[in-house]
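Below is the file upload-v6.txt, which contains compact mmCIF, C-alpha atoms and all ligand atoms.
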# COMPACT_ATOMS: atom_id res chain seq x y z
CA MET A 58 39.89 -52.08 49.23
CA ASN A 59 38.67 -55.67 49.16
CA VAL A 60 36.65 -56.41 52.31
CA GLN A 61 35.85 -59.92 53.55
CA LEU A 62 33.54 -60.90 56.40
CA LEU A 63 34.57 -63.38 59.12
CA ILE A 64 31.89 -64.68 61.50
CA PRO A 65 32.93 -66.63 64.62
CA ALA A 66 30.01 -69.01 65.20
CA ALA A 67 31.80 -71.99 66.72
CA GLY A 68 30.90 -71.45 70.38
CA MET A 69 28.86 -73.98 72.31
CA GLY A 70 26.53 -71.44 73.89
CA LEU A 71 26.90 -72.91 77.37
CA ARG A 72 25.40 -69.88 79.10
CA LEU A 73 22.42 -69.89 76.74
CA GLY A 74 21.82 -73.59 77.24
CA GLY A 75 19.46 -75.07 74.68
CA ALA A 76 19.72 -78.06 72.40
CA GLY A 77 22.09 -77.09 69.60
CA PRO A 78 24.87 -74.54 69.03
CA LYS A 79 23.97 -70.95 69.94
CA ALA A 80 24.50 -69.63 66.40
CA LEU A 81 21.60 -71.80 65.20
CA ALA A 82 19.28 -70.95 68.11
CA PRO A 83 16.00 -69.62 66.72
CA LEU A 84 15.19 -65.96 67.33
CA GLU A 85 11.55 -65.46 66.35
CA GLY A 86 11.88 -68.48 64.06
CA THR A 87 15.15 -67.52 62.33
CA PRO A 88 18.57 -68.81 63.44
CA LEU A 89 20.77 -66.15 65.09
CA LEU A 90 23.51 -66.65 62.50
CA VAL A 91 21.06 -66.05 59.64
CA ARG A 92 19.74 -62.86 61.25
CA THR A 93 23.30 -61.68 61.78
CA LEU A 94 24.31 -62.38 58.17
CA GLN A 95 21.21 -60.56 56.88
CA ARG A 96 22.68 -57.39 58.43
CA PHE A 97 25.63 -57.65 56.02
CA ALA A 98 23.71 -58.73 52.93
CA GLY A 99 22.89 -55.20 51.73
CA LEU A 100 26.59 -54.33 51.95
CA ARG A 101 27.49 -57.19 49.63
CA LEU A 102 29.56 -58.86 52.35
CA VAL A 103 27.72 -62.17 52.53
CA GLU A 104 29.13 -63.72 49.36
CA ASN A 105 32.40 -65.48 50.28
CA ALA A 106 31.95 -64.80 53.99
CA VAL A 107 34.02 -67.13 56.18
CA ILE A 108 31.83 -68.77 58.83
CA ILE A 109 33.65 -70.50 61.69
CA VAL A 110 31.54 -73.41 62.93
CA PRO A 111 31.80 -76.19 65.53
CA ALA A 112 33.95 -78.95 64.05
CA ASN A 113 31.31 -81.69 64.06
CA GLN A 114 28.29 -79.60 63.05
CA ARG A 115 29.04 -78.53 59.49
CA ALA A 116 25.99 -80.31 58.08
CA GLN A 117 23.57 -78.43 60.32
CA PHE A 118 25.18 -75.11 59.45
CA ASN A 119 25.23 -75.87 55.73
CA GLU A 120 21.55 -76.70 55.87
CA ALA A 121 20.57 -73.49 57.70
CA LEU A 122 22.74 -71.34 55.41
CA SER A 123 21.59 -72.82 52.13
CA ALA A 124 17.94 -72.54 53.19
CA ALA A 125 18.34 -68.84 54.01
CA PHE A 126 20.81 -67.85 51.27
CA PRO A 127 20.27 -70.19 48.31
CA GLY A 128 23.15 -70.14 45.86
CA VAL A 129 25.48 -68.09 48.08
CA ALA A 130 28.96 -69.54 48.48
CA PHE A 131 30.09 -69.47 52.12
CA ILE A 132 33.48 -70.70 53.28
CA LEU A 133 33.00 -72.92 56.35
CA VAL A 134 35.93 -73.44 58.71
CA ASP A 135 36.22 -75.55 61.86
CA GLY A 136 36.50 -73.58 65.10
CA GLY A 137 38.89 -74.14 67.99
CA ALA A 138 38.43 -74.58 71.72
CA GLU A 139 38.45 -70.82 72.32
CA ARG A 140 37.28 -67.88 70.29
CA GLN A 141 40.86 -66.74 69.65
CA GLN A 142 41.74 -70.08 68.03
CA SER A 143 38.50 -70.01 66.05
CA VAL A 144 39.37 -66.59 64.63
CA ALA A 145 42.93 -67.71 63.85
CA ASN A 146 41.49 -70.64 61.85
CA GLY A 147 39.19 -68.25 60.02
CA LEU A 148 42.01 -65.85 59.14
CA ASP A 149 43.81 -68.75 57.44
CA ALA A 150 40.78 -69.33 55.21
CA LEU A 151 40.32 -65.78 53.86
CA LEU A 152 40.52 -65.30 50.13
CA PRO A 153 43.95 -64.13 48.93
CA THR A 154 42.28 -60.98 47.57
CA ALA A 155 41.11 -59.84 51.03
CA GLU A 156 42.68 -56.59 52.22
CA ILE A 157 40.31 -55.74 55.07
CA VAL A 158 38.59 -58.27 57.36
CA VAL A 159 35.41 -57.52 59.30
CA ILE A 160 35.13 -59.86 62.30
CA HIS A 161 31.64 -60.01 63.77
CA ASP A 162 30.14 -62.38 66.37
CA ALA A 163 27.28 -64.58 65.16
CA ALA A 164 25.72 -63.77 68.54
CA ARG A 165 25.12 -60.05 67.70
CA PRO A 166 22.14 -60.08 65.33
CA PHE A 167 21.21 -56.39 65.64
CA VAL A 168 24.38 -54.70 64.41
CA SER A 169 23.56 -51.57 62.41
CA ARG A 170 24.66 -50.93 58.87
CA GLU A 171 26.10 -47.64 60.09
CA ALA A 172 28.36 -49.33 62.67
CA ILE A 173 29.62 -51.79 60.03
CA GLN A 174 30.41 -48.98 57.62
CA LEU A 175 32.07 -46.83 60.30
CA SER A 176 34.31 -49.72 61.35
CA ILE A 177 35.37 -50.45 57.78
CA ALA A 178 36.17 -46.80 57.10
CA ALA A 179 38.16 -46.52 60.34
CA ALA A 180 40.14 -49.68 59.58
CA GLN A 181 40.93 -48.38 56.11
CA SER A 182 42.36 -45.16 57.54
CA CYS A 183 43.83 -46.36 60.89
CA GLY A 184 44.54 -50.07 60.30
CA ALA A 185 42.23 -51.35 63.03
CA ALA A 186 38.88 -50.45 64.56
CA THR A 187 36.41 -51.77 67.08
CA VAL A 188 32.80 -50.88 67.65
CA ALA A 189 32.05 -50.06 71.30
CA ILE A 190 29.56 -48.10 73.39
CA PRO A 191 30.13 -45.76 76.32
CA LEU A 192 29.60 -47.50 79.66
CA ILE A 193 26.35 -46.89 81.47
CA ASP A 194 27.30 -48.52 84.76
CA THR A 195 29.89 -47.21 87.18
CA ILE A 196 32.74 -49.72 87.36
CA LEU A 197 34.25 -50.67 90.72
CA VAL A 198 37.76 -52.06 91.09
CA ALA A 199 37.96 -54.37 94.11
CA ASP A 200 40.99 -55.24 96.20
CA GLU A 201 41.82 -58.83 97.10
CA GLN A 202 39.75 -58.64 100.30
CA GLY A 203 36.62 -57.67 98.36
CA PHE A 204 36.72 -54.00 99.36
CA LEU A 205 36.39 -51.14 96.95
CA ASP A 206 39.83 -50.10 95.76
CA SER A 207 39.05 -47.44 93.17
CA THR A 208 36.45 -46.14 90.78
CA PRO A 209 37.85 -45.39 87.31
CA ASP A 210 36.58 -42.34 85.47
CA ARG A 211 33.72 -43.61 83.32
CA ALA A 212 34.46 -41.03 80.63
CA ASN A 213 37.32 -43.22 79.36
CA LEU A 214 35.53 -46.55 79.60
CA TRP A 215 33.78 -48.33 76.75
CA ALA A 216 31.96 -51.63 76.46
CA CYS A 217 33.45 -53.66 73.62
CA GLN A 218 31.27 -54.88 70.75
CA THR A 219 31.88 -56.22 67.26
CA PRO A 220 32.46 -55.68 64.34
CA GLN A 221 36.19 -55.38 64.82
CA THR A 222 37.77 -54.54 61.50
CA PHE A 223 41.39 -54.75 60.44
CA ARG A 224 43.84 -54.45 57.63
CA ILE A 225 44.75 -58.04 57.00
CA ASP A 226 48.43 -57.84 57.95
CA ALA A 227 47.69 -56.13 61.27
CA ILE A 228 45.35 -58.87 62.48
CA ARG A 229 47.36 -61.79 61.08
CA ASP A 230 50.60 -60.51 62.63
CA ALA A 231 48.90 -59.98 66.01
CA HIS A 232 47.43 -63.50 66.02
CA ALA A 233 50.74 -65.06 65.02
CA ALA A 234 52.62 -63.16 67.75
CA ALA A 235 49.99 -64.06 70.36
CA ALA A 236 50.20 -67.75 69.40
CA ARG A 237 54.00 -67.65 69.77
CA ALA A 238 53.83 -65.86 73.13
CA GLY A 239 50.88 -67.84 74.49
CA TYR A 240 49.03 -64.54 74.95
CA ARG A 241 45.25 -64.66 75.18
CA ALA A 242 42.61 -62.00 74.79
CA THR A 243 38.85 -62.25 74.57
CA ASP A 244 38.67 -59.95 71.52
CA ASP A 245 40.76 -59.24 68.44
CA ALA A 246 41.18 -55.49 68.86
CA SER A 247 42.86 -56.10 72.21
CA LEU A 248 45.26 -58.53 70.51
CA VAL A 249 46.21 -55.90 67.95
CA ARG A 250 46.69 -53.33 70.70
CA TRP A 251 48.85 -55.80 72.69
CA HIS A 252 50.93 -56.23 69.55
CA GLY A 253 51.53 -52.47 69.40
CA GLY A 254 48.90 -51.42 66.90
CA SER A 255 46.51 -48.54 67.36
CA VAL A 256 42.81 -49.27 67.28
CA ARG A 257 40.18 -46.65 66.53
CA ILE A 258 37.02 -46.88 68.65
CA VAL A 259 33.80 -46.21 66.72
CA ASN A 260 30.28 -45.86 68.10
CA GLY A 261 28.00 -48.87 68.29
CA SER A 262 24.54 -49.02 69.81
CA PRO A 263 22.91 -50.71 72.81
CA ALA A 264 20.88 -52.92 70.43
CA ASN A 265 24.13 -54.51 69.22
CA ARG A 266 24.50 -56.39 72.52
CA LYS A 267 25.66 -59.99 72.45
CA ILE A 268 23.09 -62.73 73.00
CA THR A 269 24.61 -64.64 75.90
CA THR A 270 21.85 -65.82 78.27
CA PRO A 271 18.23 -66.98 77.84
CA GLU A 272 17.17 -63.53 79.11
CA ASP A 273 19.14 -61.90 76.26
CA LEU A 274 17.34 -64.09 73.72
CA ALA A 275 13.95 -63.30 75.22
CA TYR A 276 14.78 -59.58 75.20
CA ALA A 277 15.88 -59.79 71.55
CA ALA A 278 12.56 -61.45 70.66
CA HIS A 279 10.72 -58.69 72.51
CA LEU A 280 12.58 -56.02 70.51
CA LEU A 281 11.63 -57.73 67.24
CA ARG A 282 7.99 -58.29 68.15
CA ASN A 283 7.54 -54.67 69.12
CA ASN A 284 9.48 -53.19 66.21
CA LEU A 285 12.06 -51.72 68.57
CA VAL A 286 15.04 -52.53 66.30
CA GLU A 287 15.60 -51.31 62.76
N1 LIG B 1 33.07 -68.47 69.40
C1 LIG B 1 33.79 -69.23 68.48
N2 LIG B 1 34.63 -70.23 68.93
C2 LIG B 1 34.73 -70.50 70.24
C3 LIG B 1 34.02 -69.72 71.18
C4 LIG B 1 33.19 -68.70 70.73
O1 LIG B 1 33.69 -69.00 67.27
N3 LIG B 1 35.52 -71.50 70.62
C5 LIG B 1 32.13 -67.43 68.91
C6 LIG B 1 30.69 -67.69 69.34
O2 LIG B 1 30.07 -68.58 68.42
C7 LIG B 1 30.08 -66.30 69.36
C8 LIG B 1 31.28 -65.39 69.67
O3 LIG B 1 32.46 -66.18 69.48
O4 LIG B 1 29.50 -65.91 68.13
C9 LIG B 1 31.20 -64.84 71.09
O5 LIG B 1 31.30 -65.91 72.03
P1 LIG B 1 30.26 -66.22 73.19
O6 LIG B 1 29.18 -65.21 73.21
O7 LIG B 1 31.03 -66.50 74.43
O8 LIG B 1 29.56 -67.56 72.65
P2 LIG B 1 29.73 -69.04 73.21
O9 LIG B 1 31.18 -69.30 73.47
O10 LIG B 1 29.03 -69.90 72.23
O11 LIG B 1 28.88 -68.99 74.55
P3 LIG B 1 29.32 -69.54 76.00
O12 LIG B 1 30.59 -68.79 76.35
O13 LIG B 1 28.16 -69.20 76.87
O14 LIG B 1 29.53 -71.02 75.85
MG MG B 2 32.19 -68.18 75.04
Rendering of file as structure tokens:
Amino acid sequence: MNVQLLIPAAGMGLRLGGAGPKALAPLEGTPLLVRTLQRFAGLRLVENAVIIVPANQRAQFNEALSAAFPGVAFILVDGGAERQQSVANGLDALLPTAEIVVIHDAARPFVSREAIQLSIAAAQSCGAATVAIPLIDTILVADEQGFLDSTPDRANLWACQTPQTFRIDAIRDAHAAAARAGYRATDDASLVRWHGGSVRIVNGSPANRKITTPEDLAYAAHLLRNNLVE
């Protein structure tokens, strides 16, 4: 099946701080977005990838992308105010030949090739898949007074990651229905589930964490410097 990559990179990176958009923040000298795309290059998913960028920063993104991937044709799309709108814009820009879409945050530069391949295979057989990892922490549910209400069984709890991978109709239909209903979710697999689809959970890895804060970026640099990531 024809697989196309969609990278949401239009966030402002408010929690990271810093001068420019988070996707262009340097990690050991290389912009996050470039490191993230390099993870897909060996799978031939970089050509024709749709990159969702902040509306007024196309030039900066074009420059970083053409320096790192000379001659590669990317499709740049303006993002929206929230990630869900950004992804919806990106879905509209996919090539007509796309049958499967792999959606992966620019802010997760250490995704493994294995996780990408597992998510594509699961989406081909089940229609939708998300990468996730078993929770390490015990989760507490609080009541409105700030007292412990309950402690869910950790065996059923997963921390969500990306890639999230879908047959094209499943994700487009879910986004269209959510837009009509005004429903919001922070990830695409949850939208598909809300719309009635089933979503296969496949194993990610702790290294595939999202770069959100300055501490995350410093930790990512530490992993690279000490050869602690593949
Ligand atoms: N994203 C996007 N469009 C938005 C918001 C987020 O494409 N309107 C993308 C980000 O670029 C990132 C991914 O979604 O790759 C996950 O979002 P997050 O980690 O929250 O990034 P930011 O929104 O940039 O960070 P913050 O919330 O701290 O501002
Ligand atoms: Mg955000």
Neighbouring residues of Ile193 (chain A) were defined as those with any atom within 9 Å, considering only C-alpha atoms; residues of the same chain fewer than 6 positions away were excluded. Please report them as a CSV table (one decimal) with C-alpha atoms, keeping the file's coordinate frame.
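See result_24.csv below for the written result:
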chain,number,residue,atom,x,y,z
A,211,ARG,CA,33.7,-43.6,83.3
A,215,TRP,CA,33.8,-48.3,76.8
A,216,ALA,CA,32.0,-51.6,76.5
**OP:** Check every protein, DNA and RNA residue against ligand LIG 1 (chain B), keep those with an atom at most 8 Å away (counting all atoms listed in the file), and present them as a ChimeraX atom specification.
**Re:** /A:64-74,78-80,109-111,136-144,161-165,267-270
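Atom to atom, CA of Ile225 (chain A) and CA of Phe131 (chain A) stand 19.2 Å apart.
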Original post:
Around (39.0, -47.5, 70.5) in the file's own coordinates, what residues are found within 7 Å if you use all atoms listed in the file, given back as an MDAnalysis selection string?
Top reply: chainID A and resid 186:187 256:259
Identify, on the basis of all atoms listed in the file, every residue whose closest approach to region 232-235 of chain A does not exceed 8 Å; exclude the query and any residue fewer than 4 positions from it along the same chain; express the result as a compact mmCIF listing (two decimals) with C-alpha atoms, in the coordinates of the input.
# COMPACT_ATOMS: atom_id res chain seq x y z
CA ALA A 145 42.93 -67.71 63.85
CA ILE A 228 45.35 -58.87 62.48
CA GLY A 239 50.88 -67.84 74.49
CA TYR A 240 49.03 -64.54 74.95
CA ARG A 241 45.25 -64.66 75.18
CA LEU A 248 45.26 -58.53 70.51
CA VAL A 249 46.21 -55.90 67.95
CA HIS A 252 50.93 -56.23 69.55
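With all atoms listed in the file taken into account, the protein and nucleic acid residues at most 8 Å from Val134 (chain A) (excluding it and anything under 2 positions from it in its own chain) are Val107, Ile108, Ile109, Val110, Ala112, Ile132, Gly136, Asn146, Gly147 and Ala150 of chain A.
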Original post:
Expressed in Å to a single decimal, how great is the separation between CA of Leu280 (chain A) and CA of Gln117 (chain A)?
Top reply: 27.0 Å
**OP:** Would you work out the distance separating CA of Val159 (chain A) from CA of Leu94 (chain A), expressed in Å to one decimal?
**Re:** 12.2 Å
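Using only C-alpha atoms and all ligand atoms, the smallest distance between any of A:Ser176, A:Thr219, A:Asn260, A:Thr243 and ligand MG 2 (chain B) comes from A:Thr243.
For the choices A:Thr87, A:Ser169, A:Gln221, A:Gln181, the atom-to-atom distance to Leu63 (chain A) is smallest for A:Gln221 when using all atoms listed in the file.
Shortest atom-to-atom contact with Leu175 (chain A) among A:Gly253, A:Tyr276, A:Thr208, A:Pro220: A:Pro220, counting all atoms listed in the file.
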**OP:** Name the closest residue to ligand MG 2 (chain B) among the candidates A:Asp244, A:Leu205, A:Phe223, A:Arg101; distances are taken between atoms, counting only C-alpha atoms and all ligand atoms.
**Re:** A:Asp244
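Nearest to Gln61 (chain A) of all the residues A:Leu90, A:Val168, A:Ile177, A:Ala264 is A:Ile177, counting all atoms listed in the file.
Of the listed residues (A:Gly99, A:Pro166, A:Val91, A:Asn105), A:Val91 comes nearest to Leu122 (chain A); the distances count all atoms listed in the file.
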Filled-in all heavy atoms of region 223-234 of chain A, supplied as a PDB file, in the frame of the given file:
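File written: rebuild31.pdb
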ATOM      1  N   PHE A 223      39.928 -54.876  60.484  1.00  0.00           N
ATOM      2  CA  PHE A 223      41.390 -54.750  60.440  1.00  0.00           C
ATOM      3  C   PHE A 223      41.926 -54.804  59.016  1.00  0.00           C
ATOM      4  O   PHE A 223      41.373 -55.522  58.167  1.00  0.00           O
ATOM      5  CB  PHE A 223      42.043 -55.915  61.201  1.00  0.00           C
ATOM      6  CG  PHE A 223      41.518 -56.090  62.588  1.00  0.00           C
ATOM      7  CD1 PHE A 223      40.488 -56.991  62.855  1.00  0.00           C
ATOM      8  CD2 PHE A 223      42.030 -55.341  63.643  1.00  0.00           C
ATOM      9  CE1 PHE A 223      39.977 -57.147  64.137  1.00  0.00           C
ATOM     10  CE2 PHE A 223      41.531 -55.492  64.931  1.00  0.00           C
ATOM     11  CZ  PHE A 223      40.508 -56.401  65.181  1.00  0.00           C
ATOM     12  N   ARG A 224      43.035 -54.114  58.803  1.00  0.00           N
ATOM     13  CA  ARG A 224      43.840 -54.450  57.630  1.00  0.00           C
ATOM     14  C   ARG A 224      44.423 -55.829  57.898  1.00  0.00           C
ATOM     15  O   ARG A 224      44.813 -56.161  59.014  1.00  0.00           O
ATOM     16  CB  ARG A 224      44.940 -53.408  57.419  1.00  0.00           C
ATOM     17  CG  ARG A 224      44.392 -52.124  56.869  1.00  0.00           C
ATOM     18  CD  ARG A 224      45.503 -51.255  56.279  1.00  0.00           C
ATOM     19  NE  ARG A 224      45.167 -49.867  56.532  1.00  0.00           N
ATOM     20  CZ  ARG A 224      46.016 -48.946  56.988  1.00  0.00           C
ATOM     21  NH1 ARG A 224      47.283 -49.263  57.206  1.00  0.00           N
ATOM     22  NH2 ARG A 224      45.602 -47.715  57.195  1.00  0.00           N
ATOM     23  N   ILE A 225      44.478 -56.617  56.846  1.00  0.00           N
ATOM     24  CA  ILE A 225      44.750 -58.040  57.000  1.00  0.00           C
ATOM     25  C   ILE A 225      46.086 -58.326  57.701  1.00  0.00           C
ATOM     26  O   ILE A 225      46.169 -59.193  58.564  1.00  0.00           O
ATOM     27  CB  ILE A 225      44.641 -58.709  55.601  1.00  0.00           C
ATOM     28  CG1 ILE A 225      43.938 -60.022  55.709  1.00  0.00           C
ATOM     29  CG2 ILE A 225      45.935 -58.888  54.915  1.00  0.00           C
ATOM     30  CD1 ILE A 225      42.495 -59.877  55.683  1.00  0.00           C
ATOM     31  N   ASP A 226      47.120 -57.569  57.349  1.00  0.00           N
ATOM     32  CA  ASP A 226      48.430 -57.840  57.950  1.00  0.00           C
ATOM     33  C   ASP A 226      48.412 -57.571  59.443  1.00  0.00           C
ATOM     34  O   ASP A 226      49.039 -58.295  60.220  1.00  0.00           O
ATOM     35  CB  ASP A 226      49.517 -56.986  57.294  1.00  0.00           C
ATOM     36  CG  ASP A 226      49.753 -57.421  55.867  1.00  0.00           C
ATOM     37  OD1 ASP A 226      49.249 -58.489  55.479  1.00  0.00           O
ATOM     38  OD2 ASP A 226      50.443 -56.671  55.136  1.00  0.00           O
ATOM     39  N   ALA A 227      47.709 -56.510  59.855  1.00  0.00           N
ATOM     40  CA  ALA A 227      47.690 -56.130  61.270  1.00  0.00           C
ATOM     41  C   ALA A 227      47.099 -57.255  62.118  1.00  0.00           C
ATOM     42  O   ALA A 227      47.646 -57.614  63.173  1.00  0.00           O
ATOM     43  CB  ALA A 227      46.891 -54.846  61.461  1.00  0.00           C
ATOM     44  N   ILE A 228      46.002 -57.846  61.659  1.00  0.00           N
ATOM     45  CA  ILE A 228      45.350 -58.870  62.480  1.00  0.00           C
ATOM     46  C   ILE A 228      46.093 -60.201  62.379  1.00  0.00           C
ATOM     47  O   ILE A 228      46.243 -60.919  63.372  1.00  0.00           O
ATOM     48  CB  ILE A 228      43.846 -58.989  62.150  1.00  0.00           C
ATOM     49  CG1 ILE A 228      43.118 -59.925  63.113  1.00  0.00           C
ATOM     50  CG2 ILE A 228      43.591 -59.420  60.724  1.00  0.00           C
ATOM     51  CD1 ILE A 228      43.085 -59.449  64.527  1.00  0.00           C
ATOM     52  N   ARG A 229      46.612 -60.515  61.195  1.00  0.00           N
ATOM     53  CA  ARG A 229      47.360 -61.790  61.080  1.00  0.00           C
ATOM     54  C   ARG A 229      48.635 -61.741  61.915  1.00  0.00           C
ATOM     55  O   ARG A 229      48.960 -62.702  62.611  1.00  0.00           O
ATOM     56  CB  ARG A 229      47.716 -62.049  59.615  1.00  0.00           C
ATOM     57  CG  ARG A 229      46.540 -62.584  58.814  1.00  0.00           C
ATOM     58  CD  ARG A 229      47.043 -63.413  57.626  1.00  0.00           C
ATOM     59  NE  ARG A 229      45.932 -64.098  56.987  1.00  0.00           N
ATOM     60  CZ  ARG A 229      45.544 -63.881  55.726  1.00  0.00           C
ATOM     61  NH1 ARG A 229      46.200 -63.030  54.962  1.00  0.00           N
ATOM     62  NH2 ARG A 229      44.526 -64.555  55.233  1.00  0.00           N
ATOM     63  N   ASP A 230      49.353 -60.622  61.859  1.00  0.00           N
ATOM     64  CA  ASP A 230      50.600 -60.510  62.630  1.00  0.00           C
ATOM     65  C   ASP A 230      50.314 -60.605  64.127  1.00  0.00           C
ATOM     66  O   ASP A 230      51.062 -61.243  64.877  1.00  0.00           O
ATOM     67  CB  ASP A 230      51.308 -59.187  62.318  1.00  0.00           C
ATOM     68  CG  ASP A 230      51.855 -59.153  60.885  1.00  0.00           C
ATOM     69  OD1 ASP A 230      51.822 -60.207  60.206  1.00  0.00           O
ATOM     70  OD2 ASP A 230      52.305 -58.069  60.451  1.00  0.00           O
ATOM     71  N   ALA A 231      49.232 -59.959  64.579  1.00  0.00           N
ATOM     72  CA  ALA A 231      48.900 -59.980  66.010  1.00  0.00           C
ATOM     73  C   ALA A 231      48.566 -61.400  66.454  1.00  0.00           C
ATOM     74  O   ALA A 231      49.019 -61.857  67.517  1.00  0.00           O
ATOM     75  CB  ALA A 231      47.735 -59.043  66.296  1.00  0.00           C
ATOM     76  N   HIS A 232      47.776 -62.119  65.656  1.00  0.00           N
ATOM     77  CA  HIS A 232      47.430 -63.500  66.020  1.00  0.00           C
ATOM     78  C   HIS A 232      48.671 -64.392  66.040  1.00  0.00           C
ATOM     79  O   HIS A 232      48.821 -65.228  66.938  1.00  0.00           O
ATOM     80  CB  HIS A 232      46.367 -64.060  65.069  1.00  0.00           C
ATOM     81  CG  HIS A 232      44.968 -63.859  65.576  1.00  0.00           C
ATOM     82  ND1 HIS A 232      44.296 -64.771  66.350  1.00  0.00           N
ATOM     83  CD2 HIS A 232      44.131 -62.803  65.436  1.00  0.00           C
ATOM     84  CE1 HIS A 232      43.088 -64.295  66.662  1.00  0.00           C
ATOM     85  NE2 HIS A 232      42.964 -63.115  66.110  1.00  0.00           N
ATOM     86  N   ALA A 233      49.539 -64.215  65.066  1.00  0.00           N
ATOM     87  CA  ALA A 233      50.740 -65.060  65.020  1.00  0.00           C
ATOM     88  C   ALA A 233      51.628 -64.789  66.240  1.00  0.00           C
ATOM     89  O   ALA A 233      52.120 -65.717  66.890  1.00  0.00           O
ATOM     90  CB  ALA A 233      51.514 -64.803  63.719  1.00  0.00           C
ATOM     91  N   ALA A 234      51.783 -63.508  66.585  1.00  0.00           N
ATOM     92  CA  ALA A 234      52.620 -63.160  67.750  1.00  0.00           C
ATOM     93  C   ALA A 234      51.997 -63.683  69.033  1.00  0.00           C
ATOM     94  O   ALA A 234      52.693 -64.193  69.917  1.00  0.00           O
ATOM     95  CB  ALA A 234      52.801 -61.639  67.814  1.00  0.00           C
TER      96      ALA A 234
END
